file work02.csv (CSV, C-alpha atoms)
chain,number,residue,atom,x,y,z
A,1,MET,CA,6.6,11.8,-11.0
A,2,TRP,CA,4.4,10.5,-8.3
A,3,ILE,CA,1.1,12.1,-7.0
A,4,TYR,CA,-0.2,11.3,-3.6
A,5,GLU,CA,-3.8,10.2,-3.1
A,6,LYS,CA,-5.4,11.0,0.2
A,7,LYS,CA,-6.7,7.6,0.9
A,8,LEU,CA,-5.5,4.1,2.0
A,9,GLN,CA,-5.5,1.3,-0.6
A,10,TYR,CA,-7.5,-0.9,1.9
A,11,PRO,CA,-9.1,0.1,5.2
A,12,VAL,CA,-7.0,-0.3,8.4
A,13,LYS,CA,-9.1,-0.7,11.5
A,14,VAL,CA,-7.5,-1.1,14.9
A,15,SER,CA,-9.7,-2.0,17.9
A,16,LYS,CA,-7.1,-1.5,20.8
A,17,CYS,CA,-3.9,0.1,21.8
A,18,ASP,CA,-1.3,-2.7,21.3
A,19,PRO,CA,2.4,-1.5,21.2
A,20,ARG,CA,3.6,-5.1,21.3
A,21,MET,CA,2.0,-5.8,17.9
A,22,ALA,CA,3.2,-2.5,16.6
A,23,ARG,CA,6.8,-3.5,17.5
A,24,TYR,CA,6.4,-6.7,15.3
A,25,LEU,CA,4.7,-4.9,12.5
A,26,ILE,CA,7.7,-2.6,12.1
A,27,GLU,CA,9.4,-5.5,10.4
A,28,GLN,CA,7.3,-4.9,7.4
A,29,TYR,CA,8.0,-1.1,7.6
A,30,GLY,CA,11.8,-1.0,7.8
A,31,GLY,CA,12.9,-4.7,7.7
A,32,ALA,CA,14.8,-6.5,5.0
A,33,ASP,CA,11.7,-7.9,3.3
A,34,GLY,CA,9.4,-5.0,4.2
A,35,GLU,CA,7.5,-2.6,2.0
A,36,LEU,CA,10.1,0.1,1.9
A,37,SER,CA,12.7,-2.4,0.6
A,38,ALA,CA,10.2,-3.6,-1.9
A,39,ALA,CA,9.2,-0.2,-3.3
A,40,LEU,CA,12.8,1.0,-3.5
A,41,ARG,CA,14.1,-2.2,-5.1
A,42,TYR,CA,11.5,-2.4,-7.9
A,43,LEU,CA,11.5,1.3,-8.7
A,44,ASN,CA,15.4,1.3,-8.9
A,45,GLN,CA,15.6,-1.8,-11.0
A,46,ARG,CA,13.3,-0.2,-13.6
A,47,TYR,CA,16.1,1.8,-15.2
A,48,SER,CA,18.1,-1.2,-16.5
A,49,ILE,CA,15.3,-3.8,-17.0
A,50,PRO,CA,14.1,-4.6,-20.6
A,51,ASP,CA,11.3,-2.4,-21.8
A,52,LYS,CA,8.7,-5.2,-21.7
A,53,VAL,CA,8.7,-5.3,-17.9
A,54,ILE,CA,9.3,-1.6,-16.9
A,55,GLY,CA,5.5,-1.1,-16.6
A,56,LEU,CA,5.1,-4.0,-14.2
A,57,LEU,CA,8.0,-2.8,-12.0
A,58,THR,CA,6.7,0.7,-12.0
A,59,ASP,CA,3.2,-0.4,-10.9
A,60,ILE,CA,4.2,-2.9,-8.3
A,61,GLY,CA,6.8,-0.5,-6.9
A,62,THR,CA,4.1,2.2,-6.6
A,63,GLU,CA,1.6,-0.2,-5.0
A,64,GLU,CA,4.3,-1.0,-2.4
A,65,PHE,CA,4.2,2.6,-1.2
A,66,ALA,CA,0.5,2.2,-0.6
A,67,HIS,CA,1.3,-0.9,1.5
A,68,LEU,CA,4.0,1.0,3.4
A,69,GLU,CA,1.3,3.6,4.3
A,70,MET,CA,-1.0,0.8,5.5
A,71,ILE,CA,1.7,-0.6,7.8
A,72,ALA,CA,2.5,2.9,9.1
A,73,THR,CA,-1.2,3.4,9.8
A,74,MET,CA,-1.4,0.2,11.8
A,75,VAL,CA,1.7,1.2,13.9
A,76,TYR,CA,0.4,4.7,14.4
A,77,LYS,CA,-3.0,3.6,15.6
A,78,LEU,CA,-1.6,0.8,17.8
A,79,THR,CA,0.8,3.2,19.6
A,80,LYS,CA,-0.9,6.6,19.6
A,81,ASP,CA,-2.4,6.2,23.0
A,82,ALA,CA,0.4,4.3,24.6
A,83,THR,CA,2.3,5.7,27.6
A,84,PRO,CA,6.1,5.4,27.9
A,85,GLU,CA,5.5,2.7,30.5
A,86,MET,CA,3.3,0.7,28.0
A,87,LEU,CA,5.9,1.1,25.3
A,88,GLU,CA,8.6,-0.1,27.6
A,89,ALA,CA,6.6,-3.1,28.7
A,90,ALA,CA,6.2,-4.0,25.0
A,91,GLY,CA,9.9,-3.9,24.5
A,92,LEU,CA,9.8,-0.5,22.8
A,93,GLY,CA,11.8,1.3,25.5
A,94,PRO,CA,14.9,1.7,23.3
A,95,HIS,CA,12.7,3.0,20.5
A,96,PHE,CA,11.0,5.5,22.8
A,97,VAL,CA,14.3,7.1,24.1
A,98,ASN,CA,15.5,7.6,20.5
A,99,HIS,CA,12.2,8.4,18.6
A,100,ASP,CA,9.4,9.1,21.2
A,101,ASN,CA,6.3,8.0,19.3
A,102,ALA,CA,7.7,8.6,15.9
A,103,LEU,CA,7.9,5.9,13.3
A,104,PHE,CA,11.4,4.9,12.2
A,105,TYR,CA,12.6,2.7,9.3
A,106,GLU,CA,13.9,-0.2,11.3
A,107,SER,CA,13.3,-4.0,11.7
A,108,ALA,CA,11.3,-5.6,14.6
A,109,GLY,CA,14.8,-6.2,16.2
A,110,GLY,CA,15.6,-2.4,16.0
A,111,VAL,CA,18.1,-2.6,13.1
A,112,PRO,CA,17.9,0.5,10.9
A,113,TRP,CA,16.9,0.0,7.3
A,114,THR,CA,19.9,-0.3,4.9
A,115,ALA,CA,20.3,-0.3,1.1
A,116,THR,CA,22.2,-3.5,1.5
A,117,TYR,CA,18.8,-5.2,1.8
A,118,ILE,CA,18.1,-4.6,-1.9
A,119,GLN,CA,20.0,-5.4,-5.1
A,120,ALA,CA,20.1,-4.2,-8.6
A,121,LYS,CA,22.3,-6.6,-10.6
A,122,GLY,CA,21.6,-5.3,-14.1
A,123,ASP,CA,20.9,-8.9,-15.1
A,124,PRO,CA,17.1,-8.9,-15.7
A,125,ILE,CA,16.6,-12.6,-14.7
A,126,ALA,CA,18.7,-12.2,-11.5
A,127,ASP,CA,16.8,-9.1,-10.6
A,128,LEU,CA,13.4,-10.7,-11.2
A,129,TYR,CA,14.3,-13.8,-9.2
A,130,GLU,CA,15.3,-11.5,-6.3
A,131,ASP,CA,11.9,-9.8,-6.7
A,132,ILE,CA,10.0,-13.2,-6.6
A,133,ALA,CA,12.0,-14.2,-3.5
A,134,ALA,CA,11.3,-10.9,-1.8
A,135,GLU,CA,7.5,-11.3,-2.4
A,136,GLU,CA,7.6,-14.9,-1.0
A,137,LYS,CA,9.6,-13.8,2.1
A,138,ALA,CA,7.2,-10.9,2.7
A,139,ARG,CA,4.2,-13.3,2.3
A,140,ALA,CA,5.8,-15.6,5.0
A,141,THR,CA,6.3,-12.6,7.3
A,142,TYR,CA,2.7,-11.5,6.9
A,143,GLN,CA,1.6,-15.0,7.8
A,144,TRP,CA,3.7,-15.0,11.0
A,145,LEU,CA,2.4,-11.5,11.9
A,146,ILE,CA,-1.2,-12.8,11.5
A,147,ASP,CA,-0.3,-15.6,13.9
A,148,MET,CA,1.0,-13.1,16.4
A,149,THR,CA,-2.3,-11.2,17.0
A,150,ASP,CA,-5.9,-12.0,17.9
A,151,ASP,CA,-7.1,-8.6,16.7
A,152,VAL,CA,-9.5,-9.6,13.8
A,153,ASP,CA,-9.3,-6.1,12.3
A,154,ILE,CA,-5.5,-6.1,12.1
A,155,GLN,CA,-5.7,-9.6,10.7
A,156,ASP,CA,-8.1,-8.5,8.0
A,157,SER,CA,-5.7,-5.8,6.7
A,158,LEU,CA,-2.7,-8.2,7.0
A,159,LYS,CA,-4.5,-10.9,5.0
A,160,PHE,CA,-5.1,-8.3,2.3
A,161,LEU,CA,-1.3,-7.6,2.2
A,162,ARG,CA,-0.4,-11.3,2.3
A,163,GLU,CA,-2.6,-11.9,-0.8
A,164,ARG,CA,-1.0,-9.0,-2.6
A,165,GLU,CA,2.5,-10.6,-2.1
A,166,ILE,CA,1.1,-13.7,-3.8
A,167,VAL,CA,-0.2,-11.7,-6.8
A,168,HIS,CA,3.0,-9.8,-7.2
A,169,SER,CA,5.1,-13.0,-7.0
A,170,MET,CA,2.9,-14.5,-9.8
A,171,ARG,CA,3.3,-11.4,-12.0
A,172,PHE,CA,7.1,-11.4,-11.6
A,173,LYS,CA,7.1,-15.1,-12.5
A,174,GLU,CA,5.2,-14.2,-15.7
A,175,ALA,CA,7.7,-11.4,-16.4
A,176,VAL,CA,10.5,-14.0,-16.2
A,177,GLU,CA,8.7,-16.1,-18.8
A,178,ILE,CA,8.1,-13.1,-21.0
A,179,LEU,CA,11.9,-12.3,-21.0
A,180,LYS,CA,12.8,-15.9,-21.6
A,181,ALA,CA,10.5,-16.2,-24.6
A,182,ASP,CA,11.8,-12.9,-25.9
A,183,ARG,CA,15.4,-14.2,-25.6
A,184,GLU,CA,14.5,-17.5,-27.4
A,185,GLN,CA,12.8,-15.6,-30.2
A,186,LYS,CA,15.9,-13.4,-30.8
A,187,LYS,CA,18.0,-16.4,-31.5
A,188,VAL,CA,15.8,-17.4,-34.5
A,189,PHE,CA,16.7,-15.7,-37.7
B,1,MET,CA,-41.2,20.1,20.8
B,2,PRO,CA,-38.2,18.8,18.9
B,3,GLU,CA,-37.9,20.0,15.3
B,4,GLN,CA,-39.8,17.6,13.0
B,5,ASN,CA,-37.7,18.1,9.9
B,6,GLU,CA,-34.1,18.3,11.2
B,7,PRO,CA,-31.7,19.0,8.4
B,8,GLU,CA,-29.7,16.0,7.5
B,9,LYS,CA,-26.3,16.1,9.1
B,10,ARG,CA,-23.7,17.2,6.6
B,11,PRO,CA,-21.3,14.4,5.8
B,12,GLU,CA,-17.8,14.9,7.1
B,13,ARG,CA,-14.5,13.5,6.4
B,14,GLY,CA,-13.9,10.6,8.8
B,15,ASP,CA,-17.5,9.8,9.7
B,16,GLU,CA,-19.3,6.6,9.0
B,17,ARG,CA,-20.8,7.7,5.6
B,18,TYR,CA,-17.3,8.9,4.6
B,19,ARG,CA,-15.9,5.5,5.3
B,20,GLN,CA,-18.6,3.7,3.4
B,21,GLU,CA,-18.2,5.9,0.3
B,22,LEU,CA,-14.5,5.6,0.5
B,23,GLU,CA,-14.8,1.9,0.6
B,24,GLU,CA,-16.9,2.0,-2.7
B,25,LEU,CA,-14.0,3.9,-4.3
B,26,GLN,CA,-11.4,1.5,-2.7
B,27,LYS,CA,-13.3,-1.5,-4.2
B,28,VAL,CA,-13.2,-0.1,-7.8
B,29,ASP,CA,-9.6,1.1,-7.3
B,30,PHE,CA,-8.6,-2.4,-6.2
B,31,ALA,CA,-10.0,-3.9,-9.4
B,32,LEU,CA,-8.1,-1.3,-11.4
B,33,VAL,CA,-4.8,-2.1,-9.6
B,34,GLU,CA,-5.4,-5.8,-10.3
B,35,LEU,CA,-6.2,-5.2,-13.9
B,36,SER,CA,-3.2,-2.9,-14.3
B,37,LEU,CA,-0.8,-5.5,-13.1
B,38,TYR,CA,-2.5,-8.3,-15.1
B,39,LEU,CA,-2.3,-6.2,-18.3
B,40,ASP,CA,1.3,-5.4,-17.7
B,41,THR,CA,2.0,-9.1,-18.4
B,42,HIS,CA,-1.0,-9.8,-20.6
B,43,PRO,CA,-1.2,-6.7,-22.8
B,44,ASN,CA,-3.3,-8.4,-25.6
B,45,ASP,CA,-6.3,-9.5,-23.5
B,46,ILE,CA,-9.1,-7.4,-25.1
B,47,GLN,CA,-11.7,-8.4,-22.5
B,48,ALA,CA,-9.5,-7.2,-19.6
B,49,ILE,CA,-8.8,-4.0,-21.5
B,50,GLN,CA,-12.6,-3.4,-21.9
B,51,GLN,CA,-13.1,-4.1,-18.2
B,52,PHE,CA,-10.2,-1.7,-17.4
B,53,ASN,CA,-11.7,1.1,-19.5
B,54,GLN,CA,-15.2,0.6,-18.1
B,55,LEU,CA,-13.9,0.7,-14.5
B,56,ALA,CA,-11.7,3.7,-15.2
B,57,HIS,CA,-14.8,5.5,-16.3
B,58,LYS,CA,-16.7,4.5,-13.2
B,59,ARG,CA,-13.8,5.4,-11.0
B,60,ALA,CA,-13.7,8.9,-12.4
B,61,GLN,CA,-17.4,9.4,-11.6
B,62,LEU,CA,-17.1,8.0,-8.1
B,63,ALA,CA,-14.0,10.0,-7.3
B,64,HIS,CA,-15.7,13.2,-8.6
B,65,ALA,CA,-18.8,12.7,-6.4
B,66,PHE,CA,-16.6,11.8,-3.5
B,67,GLU,CA,-14.5,14.9,-3.9
B,68,LEU,CA,-17.5,17.2,-4.1
B,69,ARG,CA,-18.6,15.9,-0.7
B,70,TYR,CA,-15.3,15.4,1.1
B,71,GLY,CA,-12.7,17.5,-0.6
B,72,PRO,CA,-9.7,16.8,-2.9
B,73,LEU,CA,-8.2,13.2,-3.1
B,74,MET,CA,-5.2,14.4,-5.1
B,75,GLN,CA,-2.9,17.3,-5.3
B,76,PHE,CA,-1.0,19.3,-7.9
B,77,GLY,CA,-4.2,20.1,-10.0
B,78,HIS,CA,-5.6,16.6,-10.3
B,79,SER,CA,-8.4,17.7,-8.0
B,80,PHE,CA,-10.3,21.0,-7.6
B,81,THR,CA,-10.5,22.9,-4.4
B,82,ARG,CA,-13.0,25.2,-2.6
B,83,TYR,CA,-12.1,28.3,-0.6
B,84,PRO,CA,-10.2,28.2,1.7
B,85,TRP,CA,-7.5,25.7,0.4
B,86,GLN,CA,-8.8,22.2,1.3
B,87,TRP,CA,-5.8,20.0,0.9
B,88,LYS,CA,-4.5,20.5,4.5
B,89,ASP,CA,-7.9,19.5,6.0
B,90,THR,CA,-7.8,16.6,8.4
B,91,PRO,CA,-8.3,13.7,8.9
B,92,TRP,CA,-5.4,12.3,6.9
B,93,PRO,CA,-5.8,8.6,5.9
B,94,TRP,CA,-4.0,7.2,9.0
B,95,GLN,CA,-6.2,9.4,11.2
B,96,VAL,CA,-9.5,8.1,9.9
call {"tool": "encode", "arguments": {"input": "work02.csv", "output": "C-alpha cells"}}
result
Amino acid sequence: MWIYEKKLQYPVKVSKCDPRMARYLIEQYGGADGELSAALRYLNQRYSIPDKVIGLLTDIGTEEFAHLEMIATMVYKLTKDATPEMLEAAGLGPHFVNHDNALFYESAGGVPWTATYIQAKGDPIADLYEDIAAEEKARATYQWLIDMTDDVDIQDSLKFLREREIVHSMRFKEAVEILKADREQKKVF
Amino acid sequence: MPEQNEPEKRPERGDERYRQELEELQKVDFALVELSLYLDTHPNDIQAIQQFNQLAHKRAQLAHAFELRYGPLMQFGHSFTRYPWQWKDTPWPWQV
C-alpha cells in the first residue's frame, strides 16, 4: 500500500504568476517522459521483474509520485492568480475552456496522457533499458525547462529534479549489470 | 506602554519557522532516499547501512518533534492527532 506524507520532497518556491511557464511544465506532468509516466511504468514493471530489482523499481516509482507533486505545485502556484485573459495570452485558452484552473494530465502541446507512453515487455533487460532511456529523456526535458525561465526559484526546484533523473538512470544501469551478472552465474555449474 | 514580555508567537503551519523546520526534515529525508536507492543496488555496503540506520533514527526524532508542533505528517495511524481531527488542516504542501 502507499501512505501519503503531507510534505514536498523538496521545497517549491514561485516568485511570480507565470502561466506561460506553467504551460511548459505540464510536459513533465502528463507528457510522454513526465513523472506520471515514470511512476506508472516502474510500479507496473515490478510484477514481472526479477526479485533482485523489485525493491529498486518500487522505490524509484514511489519517488516519482513525489516529483509529480512538485510539478503540480509549480503549475498550481504559477497559475492560481491568473485571469482567463492571462491564461489565453499564455496559450492556455484551450485548457481554460475545458478545465478552468484545474490541472490535467496532458503534454505541453495539450495531448492527454496515454498508457501507450509506457511499456512492460516482460523482458527484464528490455524493460530496464526503457527505464534508463526514460530517465535520460526526462533529464533533457528538465534542462530545456530550466532554459525557458529566468525565475531562479523555479530553476532551483527543476535542477533538483534534473539531478534525480541522473541518479535514477545510474541506479537502473546498475540494475542491468546485476541481472547480467546473475544470468552469467546461472550458466556455470 | 507596550507589553515587555510578549508571549512568543505560536508557530503555525506555513510560517517561516515551519518552512525552516520542514527543510531540516527534508534534508534528512533526502539522504534517506538516496541511501535507499543506493542500497537497492549495493545491499552489502555495511557503512551505508550504518548511515541509513543512524539517519532513520534521527528522522524519527525530527518527525516526532515536527508533528508535535505542526500536526500529523502521515495518515492511517502513522501519526497521532489532537482534538479536533488535524489531518484536514491547511495548508497542504502545494499551498505552503
call {"tool": "closest_residue", "arguments": {"input": "work02.csv", "among": "A:Leu8, A:Val167, A:Leu43, A:Val97", "to": "Ser36 (chain B)", "atoms": "only C-alpha atoms"}}
result
A:Val167
call {"tool": "residues_near_point", "arguments": {"input": "work02.csv", "point": "(9.6, -11.7, 2.8)", "cutoff": "6 Å", "atoms": "all atoms listed in the file", "output": "count of residues only"}}
result
9
call {"tool": "closest_residue", "arguments": {"input": "work02.csv", "among": "A:Ile132, A:Ile49, A:Ile3, A:Ala120", "to": "chain B", "atoms": "all atoms listed in the file"}}
result
A:Ile3
call {"tool": "closest_residue", "arguments": {"input": "work02.csv", "among": "A:Gly55, A:Gly31, A:Pro112, A:Gly122", "to": "chain B", "atoms": "all atoms listed in the file"}}
result
A:Gly55
call {"tool": "closest_residue", "arguments": {"input": "work02.csv", "among": "A:Gln185, A:Asn44, A:Gln28, A:Thr149", "to": "Ser107 (chain A)", "atoms": "only C-alpha atoms"}}
result
A:Gln28
call {"tool": "interface_residues", "arguments": {"input": "work02.csv", "of": "chain A", "to": "chain B", "cutoff": "6 Å", "atoms": "all atoms listed in the file", "output": "NGL selection string"}}
result
:A and (5-8 or 56 or 73)
call {"tool": "atom_distance", "arguments": {"input": "work02.csv", "atom1": "CA of Thr58 (chain A)", "atom2": "CA of Phe66 (chain B)"}}
result
27.2 Å
call {"tool": "atom_distance", "arguments": {"input": "work02.csv", "atom1": "CA of Leu92 (chain A)", "atom2": "CA of Arg23 (chain A)"}}
result
6.8 Å
call {"tool": "closest_residue", "arguments": {"input": "work02.csv", "among": "A:Ile154, A:Ala39, A:Val75, A:Met70", "to": "Asp131 (chain A)", "atoms": "all atoms listed in the file"}}
result
A:Ala39
call {"tool": "atom_distance", "arguments": {"input": "work02.csv", "atom1": "CA of Gln119 (chain A)", "atom2": "CA of Gln45 (chain A)"}}
result
8.2 Å
call {"tool": "closest_residue", "arguments": {"input": "work02.csv", "among": "A:Ala38, A:Leu161, A:Ile118, A:Leu128", "to": "Gln143 (chain A)", "atoms": "only C-alpha atoms"}}
result
A:Leu161
call {"tool": "residues_around", "arguments": {"input": "work02.csv", "residues": "Ala56 (chain B)", "least_positions_apart": "4", "cutoff": "8 Å", "atoms": "all atoms listed in the file", "output": "PyMOL selection string"}}
result
chain B and resi 32+52+60
call {"tool": "residues_near_point", "arguments": {"input": "work02.csv", "point": "(13.1, -4.5, -22.4)", "cutoff": "12 Å", "atoms": "only C-alpha atoms", "output": "PyMOL selection string"}}
result
chain A and resi 45-57+122-125+175-176+178-180+182-183
call {"tool": "write_last_selection", "arguments": {"input": "work02.csv", "atoms": "C-alpha atoms", "output": "mmCIF file, in the frame of the given file"}}
result
data_model
loop_
_atom_site.group_PDB
_atom_site.id
_atom_site.type_symbol
_atom_site.label_atom_id
_atom_site.label_comp_id
_atom_site.auth_asym_id
_atom_site.auth_seq_id
_atom_site.Cartn_x
_atom_site.Cartn_y
_atom_site.Cartn_z
ATOM 1 C CA GLN A 45 15.600 -1.800 -11.000
ATOM 2 C CA ARG A 46 13.300 -0.200 -13.600
ATOM 3 C CA TYR A 47 16.100 1.800 -15.200
ATOM 4 C CA SER A 48 18.100 -1.200 -16.500
ATOM 5 C CA ILE A 49 15.300 -3.800 -17.000
ATOM 6 C CA PRO A 50 14.100 -4.600 -20.600
ATOM 7 C CA ASP A 51 11.300 -2.400 -21.800
ATOM 8 C CA LYS A 52 8.700 -5.200 -21.700
ATOM 9 C CA VAL A 53 8.700 -5.300 -17.900
ATOM 10 C CA ILE A 54 9.300 -1.600 -16.900
ATOM 11 C CA GLY A 55 5.500 -1.100 -16.600
ATOM 12 C CA LEU A 56 5.100 -4.000 -14.200
ATOM 13 C CA LEU A 57 8.000 -2.800 -12.000
ATOM 14 C CA GLY A 122 21.600 -5.300 -14.100
ATOM 15 C CA ASP A 123 20.900 -8.900 -15.100
ATOM 16 C CA PRO A 124 17.100 -8.900 -15.700
ATOM 17 C CA ILE A 125 16.600 -12.600 -14.700
ATOM 18 C CA ALA A 175 7.700 -11.400 -16.400
ATOM 19 C CA VAL A 176 10.500 -14.000 -16.200
ATOM 20 C CA ILE A 178 8.100 -13.100 -21.000
ATOM 21 C CA LEU A 179 11.900 -12.300 -21.000
ATOM 22 C CA LYS A 180 12.800 -15.900 -21.600
ATOM 23 C CA ASP A 182 11.800 -12.900 -25.900
ATOM 24 C CA ARG A 183 15.400 -14.200 -25.600
#
